[in-house]
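Q: What follows is start.txt, made up of compact mmCIF, C-alpha atoms:
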```
# COMPACT_ATOMS: atom_id res chain seq x y z
CA MET K 1 -130.27 -51.08 -62.71
CA ASN K 2 -132.53 -54.11 -62.66
CA ASP K 3 -130.90 -57.56 -62.86
CA THR K 4 -133.60 -60.07 -63.74
CA VAL K 5 -134.53 -63.08 -65.87
CA ILE K 6 -137.04 -62.89 -68.70
CA ASP K 7 -138.62 -65.78 -70.60
CA THR K 8 -138.76 -65.44 -74.38
CA ARG K 9 -140.10 -67.84 -76.98
CA THR K 10 -136.55 -69.08 -77.73
CA ILE K 11 -134.75 -69.06 -74.40
CA SER K 12 -134.80 -67.80 -70.81
CA MET K 13 -132.43 -64.81 -70.62
CA GLY K 14 -130.76 -62.98 -67.76
CA ILE K 15 -130.79 -59.24 -68.45
CA LEU K 16 -129.40 -56.06 -66.94
CA GLU K 17 -131.87 -53.26 -67.62
CA ALA K 18 -132.25 -49.57 -66.83
CA SER K 19 -134.60 -46.67 -67.68
CA SER K 20 -137.07 -46.19 -70.53
CA GLY K 21 -136.97 -44.60 -73.96
CA PRO K 22 -135.57 -45.89 -77.28
CA LEU K 23 -134.17 -49.39 -76.82
CA VAL K 24 -130.44 -50.16 -77.01
CA LEU K 25 -129.43 -53.84 -76.81
CA LEU K 26 -125.88 -54.54 -75.61
CA CYS K 27 -124.31 -57.92 -76.48
CA HIS K 28 -121.20 -59.16 -74.69
CA GLY K 29 -118.44 -61.47 -75.93
CA PHE K 30 -116.16 -64.24 -74.64
CA PRO K 31 -115.52 -64.83 -71.78
CA GLU K 32 -117.85 -62.21 -70.32
CA THR K 33 -121.37 -61.65 -69.03
CA LYS K 34 -123.91 -58.84 -69.33
CA HIS K 35 -122.08 -56.91 -66.60
CA ALA K 36 -119.34 -56.07 -69.10
CA TRP K 37 -121.78 -53.35 -70.21
CA ARG K 38 -122.57 -52.06 -66.69
CA HIS K 39 -121.13 -48.59 -67.35
CA GLN K 40 -122.97 -48.12 -70.65
CA VAL K 41 -126.27 -49.36 -69.19
CA ALA K 42 -126.04 -46.61 -66.57
CA ASP K 43 -124.80 -43.94 -69.00
CA LEU K 44 -127.41 -44.71 -71.66
CA ALA K 45 -130.17 -44.66 -69.05
CA ARG K 46 -129.05 -41.21 -67.88
CA ALA K 47 -129.13 -40.07 -71.52
CA GLY K 48 -132.76 -41.16 -71.92
CA TYR K 49 -132.44 -44.62 -73.46
CA ARG K 50 -133.76 -48.00 -72.40
CA ALA K 51 -130.57 -50.00 -72.04
CA VAL K 52 -130.81 -53.80 -71.92
CA ALA K 53 -127.73 -56.05 -71.70
CA PRO K 54 -128.55 -59.77 -71.87
CA ASP K 55 -126.42 -62.71 -70.92
CA MET K 56 -126.05 -64.36 -74.34
CA ARG K 57 -127.12 -67.98 -74.69
CA GLY K 58 -124.77 -70.24 -72.75
CA TYR K 59 -123.65 -67.50 -70.35
CA GLY K 60 -124.54 -66.38 -66.83
CA LYS K 61 -128.24 -66.55 -66.02
CA THR K 62 -129.32 -67.31 -69.59
CA ALA K 63 -130.14 -70.90 -70.50
CA ALA K 64 -127.44 -73.03 -72.10
CA PRO K 65 -128.74 -75.44 -74.75
CA GLY K 66 -126.96 -78.77 -74.64
CA ARG K 67 -126.01 -79.24 -78.30
CA ALA K 68 -123.02 -77.39 -79.74
CA ASP K 69 -124.86 -76.76 -83.01
CA GLN K 70 -127.37 -74.54 -81.17
CA TYR K 71 -124.86 -71.69 -80.92
CA THR K 72 -124.79 -70.25 -84.45
CA VAL K 73 -125.07 -66.51 -85.04
CA PHE K 74 -128.57 -67.21 -86.37
CA HIS K 75 -129.62 -68.65 -83.01
CA ALA K 76 -128.15 -65.60 -81.27
CA VAL K 77 -129.92 -63.12 -83.57
CA GLY K 78 -133.13 -65.07 -83.06
CA ASP K 79 -132.71 -64.73 -79.30
CA LEU K 80 -132.42 -60.95 -79.67
CA ILE K 81 -135.55 -60.70 -81.83
CA ALA K 82 -137.43 -62.86 -79.31
CA LEU K 83 -136.10 -60.71 -76.45
CA MET K 84 -137.32 -57.52 -78.16
CA ASP K 85 -140.75 -59.09 -78.61
CA ALA K 86 -140.83 -60.12 -74.94
CA LEU K 87 -139.87 -56.55 -73.98
CA GLY K 88 -142.67 -55.17 -76.17
CA GLU K 89 -140.23 -53.33 -78.43
CA GLU K 90 -140.48 -53.08 -82.21
CA LYS K 91 -137.12 -51.37 -82.88
CA ALA K 92 -133.70 -51.23 -81.26
CA VAL K 93 -130.16 -50.06 -81.74
CA ILE K 94 -127.87 -53.04 -81.31
CA ALA K 95 -124.37 -52.83 -79.87
CA GLY K 96 -121.88 -55.64 -79.43
CA HIS K 97 -118.35 -56.41 -78.31
CA ASP K 98 -116.16 -59.32 -79.45
CA TRP K 99 -118.58 -62.19 -80.32
CA GLY K 100 -121.36 -59.76 -79.47
CA ALA K 101 -120.07 -57.51 -82.28
CA THR K 102 -120.16 -60.38 -84.76
CA ILE K 103 -123.74 -61.07 -83.72
CA ALA K 104 -124.62 -57.37 -83.90
CA TRP K 105 -123.30 -57.09 -87.47
CA GLN K 106 -125.33 -60.14 -88.50
CA ALA K 107 -128.43 -58.76 -86.79
CA ALA K 108 -127.97 -55.53 -88.73
CA LEU K 109 -127.53 -57.46 -91.96
CA LEU K 110 -130.46 -59.82 -91.46
CA ARG K 111 -133.06 -57.60 -89.78
CA PRO K 112 -132.75 -53.92 -90.76
CA ASP K 113 -136.51 -53.77 -90.20
CA ARG K 114 -135.95 -54.30 -86.46
CA PHE K 115 -132.52 -52.78 -85.86
CA ARG K 116 -132.17 -49.11 -86.74
CA ALA K 117 -128.42 -48.77 -86.10
CA VAL K 118 -125.43 -50.85 -84.99
CA VAL K 119 -122.41 -50.18 -82.78
CA ALA K 120 -119.53 -52.70 -82.88
CA LEU K 121 -116.51 -52.89 -80.59
CA SER K 122 -113.31 -54.79 -81.40
CA VAL K 123 -114.64 -56.87 -84.34
CA PRO K 124 -115.20 -55.11 -87.68
CA MET K 125 -117.69 -56.16 -90.32
CA MET K 126 -115.99 -58.68 -92.60
CA GLY K 127 -116.93 -60.17 -95.93
CA LEU K 128 -117.34 -63.92 -96.33
CA PRO K 129 -114.01 -65.64 -97.05
CA PRO K 130 -113.86 -67.93 -100.10
CA VAL K 131 -113.40 -71.04 -97.93
CA PRO K 132 -114.61 -72.07 -94.45
CA PRO K 133 -112.76 -70.26 -91.64
CA SER K 134 -111.16 -73.45 -90.30
CA LYS K 135 -109.26 -73.73 -93.59
CA ILE K 136 -107.69 -70.29 -93.07
CA PHE K 137 -106.47 -70.40 -89.46
CA PRO K 138 -102.82 -71.49 -89.08
CA GLU K 139 -101.61 -74.65 -87.37
CA ASN K 140 -98.49 -76.79 -87.27
CA ASP K 141 -97.18 -79.82 -85.37
CA GLU K 142 -96.51 -77.79 -82.20
CA ALA K 143 -99.34 -75.26 -82.09
CA LEU K 144 -102.66 -74.19 -83.57
CA PHE K 145 -104.57 -70.92 -83.74
CA TYR K 146 -106.77 -70.32 -80.69
CA THR K 147 -110.01 -70.57 -82.70
CA LEU K 148 -109.01 -74.09 -83.77
CA TYR K 149 -108.04 -74.97 -80.20
CA PHE K 150 -111.46 -73.81 -79.00
CA GLN K 151 -113.22 -76.03 -81.55
CA GLN K 152 -111.96 -79.26 -79.98
CA PRO K 153 -114.85 -80.58 -77.83
CA GLY K 154 -114.04 -80.64 -74.15
CA VAL K 155 -110.39 -79.56 -74.39
CA ALA K 156 -110.43 -75.83 -73.67
CA ASP K 157 -113.51 -76.42 -71.50
CA ALA K 158 -111.46 -78.63 -69.20
CA GLU K 159 -108.40 -76.36 -69.15
CA PHE K 160 -110.42 -73.23 -68.36
CA GLY K 161 -112.74 -74.96 -65.91
CA ARG K 162 -110.01 -76.23 -63.58
CA ASP K 163 -109.65 -72.77 -62.01
CA PRO K 164 -112.12 -70.27 -63.53
CA ALA K 165 -110.76 -67.32 -61.53
CA LEU K 166 -107.19 -67.99 -62.72
CA THR K 167 -108.41 -68.45 -66.30
CA LEU K 168 -110.27 -65.14 -66.29
CA ARG K 169 -107.45 -63.30 -64.54
CA LYS K 170 -104.91 -64.46 -67.13
CA ILE K 171 -107.08 -63.88 -70.22
CA ILE K 172 -108.37 -60.50 -69.08
CA HIS K 173 -104.89 -59.22 -68.26
CA ALA K 174 -103.27 -60.60 -71.42
CA ALA K 175 -105.85 -58.99 -73.74
CA SER K 176 -105.96 -55.67 -71.88
CA GLY K 177 -104.13 -52.44 -72.57
CA GLU K 178 -102.19 -52.96 -69.34
CA ALA K 179 -100.46 -56.07 -70.75
CA GLY K 180 -98.15 -54.00 -72.93
CA PRO K 181 -97.90 -51.91 -76.10
CA ARG K 182 -98.43 -54.94 -78.36
CA LYS K 183 -95.76 -54.02 -80.88
CA PRO K 184 -94.04 -56.70 -83.00
CA GLY K 185 -91.58 -58.67 -80.89
CA ASP K 186 -92.16 -56.74 -77.66
CA GLY K 187 -93.32 -59.78 -75.69
CA THR K 188 -96.81 -58.49 -74.87
CA PRO K 189 -98.84 -61.61 -74.00
CA ASN K 190 -101.68 -62.52 -76.35
CA PRO K 191 -104.37 -65.06 -75.44
CA PHE K 192 -105.83 -64.91 -78.94
CA SER K 193 -102.97 -66.25 -81.03
CA MET K 194 -101.21 -69.62 -81.37
CA VAL K 195 -101.80 -72.25 -78.66
CA SER K 196 -99.36 -75.02 -77.73
CA ARG K 197 -100.74 -78.48 -78.46
CA SER K 198 -98.93 -79.85 -75.41
CA THR K 199 -99.50 -77.19 -72.71
CA GLY K 200 -102.68 -75.35 -73.78
CA LEU K 201 -103.51 -71.66 -73.79
CA LEU K 202 -103.01 -70.56 -70.19
CA ALA K 203 -99.51 -71.87 -69.48
CA ASP K 204 -97.73 -69.08 -71.39
CA LEU K 205 -99.87 -66.27 -69.99
CA PRO K 206 -98.69 -64.38 -66.88
CA ASP K 207 -100.80 -64.38 -63.74
CA PRO K 208 -100.98 -60.67 -62.88
CA ALA K 209 -100.17 -59.58 -59.34
CA GLU K 210 -103.34 -57.48 -59.34
CA LEU K 211 -106.34 -56.82 -61.52
CA PRO K 212 -106.44 -53.65 -63.63
CA ALA K 213 -107.96 -50.63 -61.90
CA TRP K 214 -110.97 -50.66 -64.26
CA LEU K 215 -112.00 -54.11 -62.93
CA PRO K 216 -112.55 -53.75 -59.16
CA PRO K 217 -112.55 -56.96 -57.09
CA THR K 218 -116.32 -56.89 -56.64
CA ASP K 219 -116.88 -56.76 -60.41
CA PHE K 220 -114.31 -59.50 -61.01
CA GLU K 221 -115.92 -61.72 -58.37
CA ARG K 222 -119.31 -61.20 -60.03
CA LEU K 223 -117.80 -62.26 -63.37
CA VAL K 224 -116.23 -65.36 -61.82
CA ALA K 225 -119.55 -66.28 -60.21
CA GLY K 226 -121.37 -65.87 -63.52
CA VAL K 227 -118.86 -68.02 -65.36
CA LYS K 228 -118.89 -70.69 -62.66
CA ALA K 229 -122.68 -70.82 -62.92
CA SER K 230 -122.63 -71.47 -66.66
CA GLY K 231 -119.21 -73.01 -67.29
CA PHE K 232 -117.14 -72.21 -70.38
CA THR K 233 -118.71 -74.68 -72.81
CA GLY K 234 -121.54 -72.42 -73.99
CA GLY K 235 -119.13 -69.63 -74.88
CA LEU K 236 -116.74 -72.01 -76.61
CA ASN K 237 -119.62 -73.44 -78.66
CA TYR K 238 -119.81 -70.16 -80.59
CA TYR K 239 -116.34 -70.95 -81.96
CA ARG K 240 -117.44 -74.49 -82.78
CA ASN K 241 -119.93 -73.04 -85.28
CA LEU K 242 -117.54 -70.88 -87.31
CA ASP K 243 -117.72 -73.15 -90.34
CA ARG K 244 -121.46 -73.73 -89.94
CA ASN K 245 -122.03 -69.97 -89.79
CA TRP K 246 -120.03 -69.65 -93.02
CA GLU K 247 -122.23 -72.28 -94.70
CA LEU K 248 -125.47 -70.65 -93.57
CA GLN K 249 -124.31 -67.12 -94.41
CA GLN K 250 -123.99 -68.04 -98.08
CA ALA K 251 -127.67 -67.09 -98.29
CA ASN K 252 -126.63 -63.50 -97.51
CA ALA K 253 -123.49 -63.34 -99.65
CA GLY K 254 -123.13 -59.95 -101.31
CA GLN K 255 -125.46 -58.13 -98.92
CA THR K 256 -124.33 -54.96 -97.20
CA VAL K 257 -125.25 -53.47 -93.82
CA THR K 258 -127.64 -50.68 -94.80
CA ILE K 259 -128.29 -49.09 -91.38
CA PRO K 260 -126.09 -46.45 -89.69
CA ALA K 261 -123.05 -47.93 -87.95
CA LEU K 262 -120.25 -47.02 -85.55
CA PHE K 263 -117.03 -48.98 -84.96
CA MET K 264 -114.48 -48.71 -82.15
CA THR K 265 -111.47 -50.75 -81.12
CA GLY K 266 -108.55 -50.37 -78.75
CA GLU K 267 -105.08 -49.49 -79.98
CA ARG K 268 -103.74 -52.43 -77.93
CA ASP K 269 -106.50 -54.90 -78.85
CA PRO K 270 -104.92 -58.24 -79.84
CA GLY K 271 -107.28 -58.29 -82.79
CA LEU K 272 -105.31 -55.50 -84.43
CA ALA K 273 -102.26 -57.79 -84.44
CA ILE K 274 -104.01 -60.28 -86.74
CA PRO K 275 -102.39 -59.97 -90.20
CA GLY K 276 -104.56 -57.94 -92.55
CA MET K 277 -106.86 -56.57 -89.83
CA ASP K 278 -105.92 -52.97 -90.69
CA LYS K 279 -107.02 -53.59 -94.27
CA ILE K 280 -110.29 -55.19 -93.14
CA ILE K 281 -111.08 -52.13 -91.01
CA SER K 282 -110.21 -49.67 -93.77
CA ALA K 283 -112.34 -51.63 -96.26
CA MET K 284 -115.46 -51.59 -94.08
CA PRO K 285 -117.24 -48.72 -95.90
CA ALA K 286 -117.77 -51.03 -98.90
CA LEU K 287 -119.67 -53.45 -96.63
CA VAL K 288 -121.18 -50.78 -94.36
CA PRO K 289 -122.11 -47.80 -96.57
CA GLN K 290 -123.51 -45.83 -93.61
CA LEU K 291 -120.44 -46.25 -91.38
CA ARG K 292 -120.40 -42.96 -89.50
CA GLY K 293 -117.22 -43.43 -87.53
CA SER K 294 -114.30 -45.84 -87.12
CA HIS K 295 -112.22 -45.09 -84.04
CA ILE K 296 -109.04 -46.56 -82.55
CA ILE K 297 -108.89 -45.67 -78.84
CA PRO K 298 -105.30 -44.93 -77.72
CA GLY K 299 -103.84 -47.22 -75.07
CA ALA K 300 -106.95 -49.37 -74.73
CA GLY K 301 -106.99 -53.14 -75.08
CA HIS K 302 -109.67 -55.66 -75.94
CA TRP K 303 -112.12 -54.97 -73.08
CA LEU K 304 -112.89 -51.57 -74.53
CA GLN K 305 -116.20 -50.66 -72.90
CA GLN K 306 -114.72 -51.47 -69.48
CA GLU K 307 -111.23 -50.04 -70.04
CA ARG K 308 -112.51 -46.73 -71.48
CA PRO K 309 -116.14 -46.58 -70.29
CA ALA K 310 -116.58 -42.80 -70.46
CA GLU K 311 -115.20 -42.48 -73.98
CA VAL K 312 -117.17 -45.46 -75.30
CA SER K 313 -120.40 -44.18 -73.74
CA GLU K 314 -119.81 -40.66 -75.04
CA ARG K 315 -119.18 -41.81 -78.59
CA MET K 316 -122.19 -44.13 -78.47
CA ILE K 317 -124.55 -41.46 -77.15
CA THR K 318 -123.33 -38.89 -79.69
CA PHE K 319 -123.94 -41.43 -82.46
CA LEU K 320 -127.41 -42.27 -81.12
CA GLN K 321 -128.40 -38.62 -80.85
CA GLN K 322 -127.53 -38.08 -84.51
CA LEU K 323 -129.74 -40.89 -85.80
```
Can you give me the file's structure in the form of structure tokens?
A:
Amino acid sequence: MNDTVIDTRTISMGILEASSGPLVLLCHGFPETKHAWRHQVADLARAGYRAVAPDMRGYGKTAAPGRADQYTVFHAVGDLIALMDALGEEKAVIAGHDWGATIAWQAALLRPDRFRAVVALSVPMMGLPPVPPSKIFPENDEALFYTLYFQQPGVADAEFGRDPALTLRKIIHAASGEAGPRKPGDGTPNPFSMVSRSTGLLADLPDPAELPAWLPPTDFERLVAGVKASGFTGGLNYYRNLDRNWELQQANAGQTVTIPALFMTGERDPGLAIPGMDKIISAMPALVPQLRGSHIIPGAGHWLQQERPAEVSERMITFLQQL
């Protein structure tokens, strides 16, 4: 695998790349870097594909624009189009996890002329809500939903930045399959739920005695180094554009994703605990008419492509071979 930096017309991007053949772009989420896709880059290359995983804007070795309003999904899709042009590629399959999945769905919606299929992990395709997202998320005098907490300039940035390794250790464990079965009332920690206004997000999350087996110390140290290089602000800025994305996406209201699609999530992903998420997933065929598979992976948590790398790669490659 080649770990390098490439200049595009929109931004300088760090990429992890392997092999040649049909292009597959792999977009990570929060708080991750391109190395979250390390297993799939290798597996796709062995299967005859050109696999390219970029650090998304604001992360790792990719440039981090200074203004928060430069982190909409439209900026991110534009970065991917510019990256394809810099790579000399006309078409690609796009895959994404977490925020990367949201971006992948929008890329599929906006540019079916450039993206021939889409694979999404953890975040399903959703229709536009009738009001801006910030009006939907819950809050009270004691706590607010994590997406609202993340929107406050400088607050989560400061909390997470005090000890990046501790932050990542807590969030990764709490969202993983190893944290617990994630049944109602079972006490499984959840970093993506309500956040105390007085103590922040990390205080209620356990600090695990050891990292999960799927994240060896060398890989964790590489993640910490990548996050220390960029800080957390770029990643948090994606959340600070939720309402702006909603405003801009009105231009695409009523559109469906017309290219072939595959969806996967972990049985223990905190996202499945969000009220109504099961209905959103089951309703996807109306928004994604060519959805060719929707899979819940037993025992897996939020970091699906790292927790179950072989199964994710196998399902992806089978899907790609059938295109």
Q: Calculated over all atoms listed in the file, which of the candidates K:Val52, K:Asn237, K:Trp105, K:Pro31 has the smallest distance to Pro191 (chain K)?
A: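 For Pro191 (chain K), the nearest of the given residues is K:Pro31.
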Q: For CA of Glu314 (chain K) and CA of Ala51 (chain K), determine how far apart the two atoms are, in Å to one decimal place.
A: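 These atoms are spaced 14.6 Å apart.
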Q: Find the residue from K:Met264, K:Ala273, K:Val312, K:Leu205 that sits nearest to Pro124 (chain K); use all atoms listed in the file when measuring.
A: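 Of K:Met264, K:Ala273, K:Val312, K:Leu205, the one nearest Pro124 (chain K) is K:Met264, counting all atoms listed in the file.
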Q: Measuring atom to atom with only C-alpha atoms, identify which of K:His75, K:Lys91, K:Lys61, K:His173 is nearest to Asn245 (chain K).
A: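 Under the stated criterion, the closest residue is K:His75.
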Q: Leaving out Asp7 (chain K) and any residue of its chain fewer than 2 positions from it, which residues lie within 10 Å of it when counting all atoms listed in the file, given as number ranges by chain?
A: K: 5, 9-14, 62-63, 82-83, 86-87
Q: Within 12 Å of (-121.6, -74.4, -67.3) (file coordinates; all atoms listed in the file), which protein or nucleic acid residues are there? I'd like them as a PyMOL selection string.
A: chain K and resi 57-66+154+157-158+160-161+164+224-237
Q: Would you mind writing region 263-274 of chain K with N, CA and C atoms, as a PDB file, in the coordinates of the input?
A:
```pdb
ATOM      1  N   PHE K 263    -118.014 -47.964 -85.331  1.00  0.00           N
ATOM      2  CA  PHE K 263    -117.030 -48.980 -84.960  1.00  0.00           C
ATOM      3  C   PHE K 263    -115.961 -48.362 -84.073  1.00  0.00           C
ATOM      4  N   MET K 264    -115.570 -49.114 -83.035  1.00  0.00           N
ATOM      5  CA  MET K 264    -114.480 -48.710 -82.150  1.00  0.00           C
ATOM      6  C   MET K 264    -113.636 -49.925 -81.800  1.00  0.00           C
ATOM      7  N   THR K 265    -112.344 -49.695 -81.638  1.00  0.00           N
ATOM      8  CA  THR K 265    -111.470 -50.750 -81.120  1.00  0.00           C
ATOM      9  C   THR K 265    -110.337 -50.093 -80.349  1.00  0.00           C
ATOM     10  N   GLY K 266    -109.664 -50.878 -79.535  1.00  0.00           N
ATOM     11  CA  GLY K 266    -108.550 -50.370 -78.750  1.00  0.00           C
ATOM     12  C   GLY K 266    -107.242 -50.474 -79.512  1.00  0.00           C
ATOM     13  N   GLU K 267    -106.397 -49.496 -79.318  1.00  0.00           N
ATOM     14  CA  GLU K 267    -105.080 -49.490 -79.980  1.00  0.00           C
ATOM     15  C   GLU K 267    -104.271 -50.733 -79.616  1.00  0.00           C
ATOM     16  N   ARG K 268    -104.478 -51.258 -78.401  1.00  0.00           N
ATOM     17  CA  ARG K 268    -103.740 -52.430 -77.930  1.00  0.00           C
ATOM     18  C   ARG K 268    -104.608 -53.691 -77.936  1.00  0.00           C
ATOM     19  N   ASP K 269    -105.664 -53.698 -78.714  1.00  0.00           N
ATOM     20  CA  ASP K 269    -106.500 -54.900 -78.850  1.00  0.00           C
ATOM     21  C   ASP K 269    -105.705 -55.951 -79.616  1.00  0.00           C
ATOM     22  N   PRO K 270    -105.637 -57.187 -79.102  1.00  0.00           N
ATOM     23  CA  PRO K 270    -104.920 -58.240 -79.840  1.00  0.00           C
ATOM     24  C   PRO K 270    -105.445 -58.448 -81.250  1.00  0.00           C
ATOM     25  N   GLY K 271    -106.725 -58.119 -81.468  1.00  0.00           N
ATOM     26  CA  GLY K 271    -107.280 -58.290 -82.790  1.00  0.00           C
ATOM     27  C   GLY K 271    -106.566 -57.479 -83.860  1.00  0.00           C
ATOM     28  N   LEU K 272    -106.022 -56.328 -83.465  1.00  0.00           N
ATOM     29  CA  LEU K 272    -105.310 -55.500 -84.430  1.00  0.00           C
ATOM     30  C   LEU K 272    -103.994 -56.137 -84.872  1.00  0.00           C
ATOM     31  N   ALA K 273    -103.503 -57.122 -84.083  1.00  0.00           N
ATOM     32  CA  ALA K 273    -102.260 -57.790 -84.440  1.00  0.00           C
ATOM     33  C   ALA K 273    -102.478 -58.895 -85.472  1.00  0.00           C
ATOM     34  N   ILE K 274    -103.734 -59.252 -85.740  1.00  0.00           N
ATOM     35  CA  ILE K 274    -104.010 -60.280 -86.740  1.00  0.00           C
ATOM     36  C   ILE K 274    -103.631 -59.741 -88.119  1.00  0.00           C
TER      37      ILE K 274
END
```
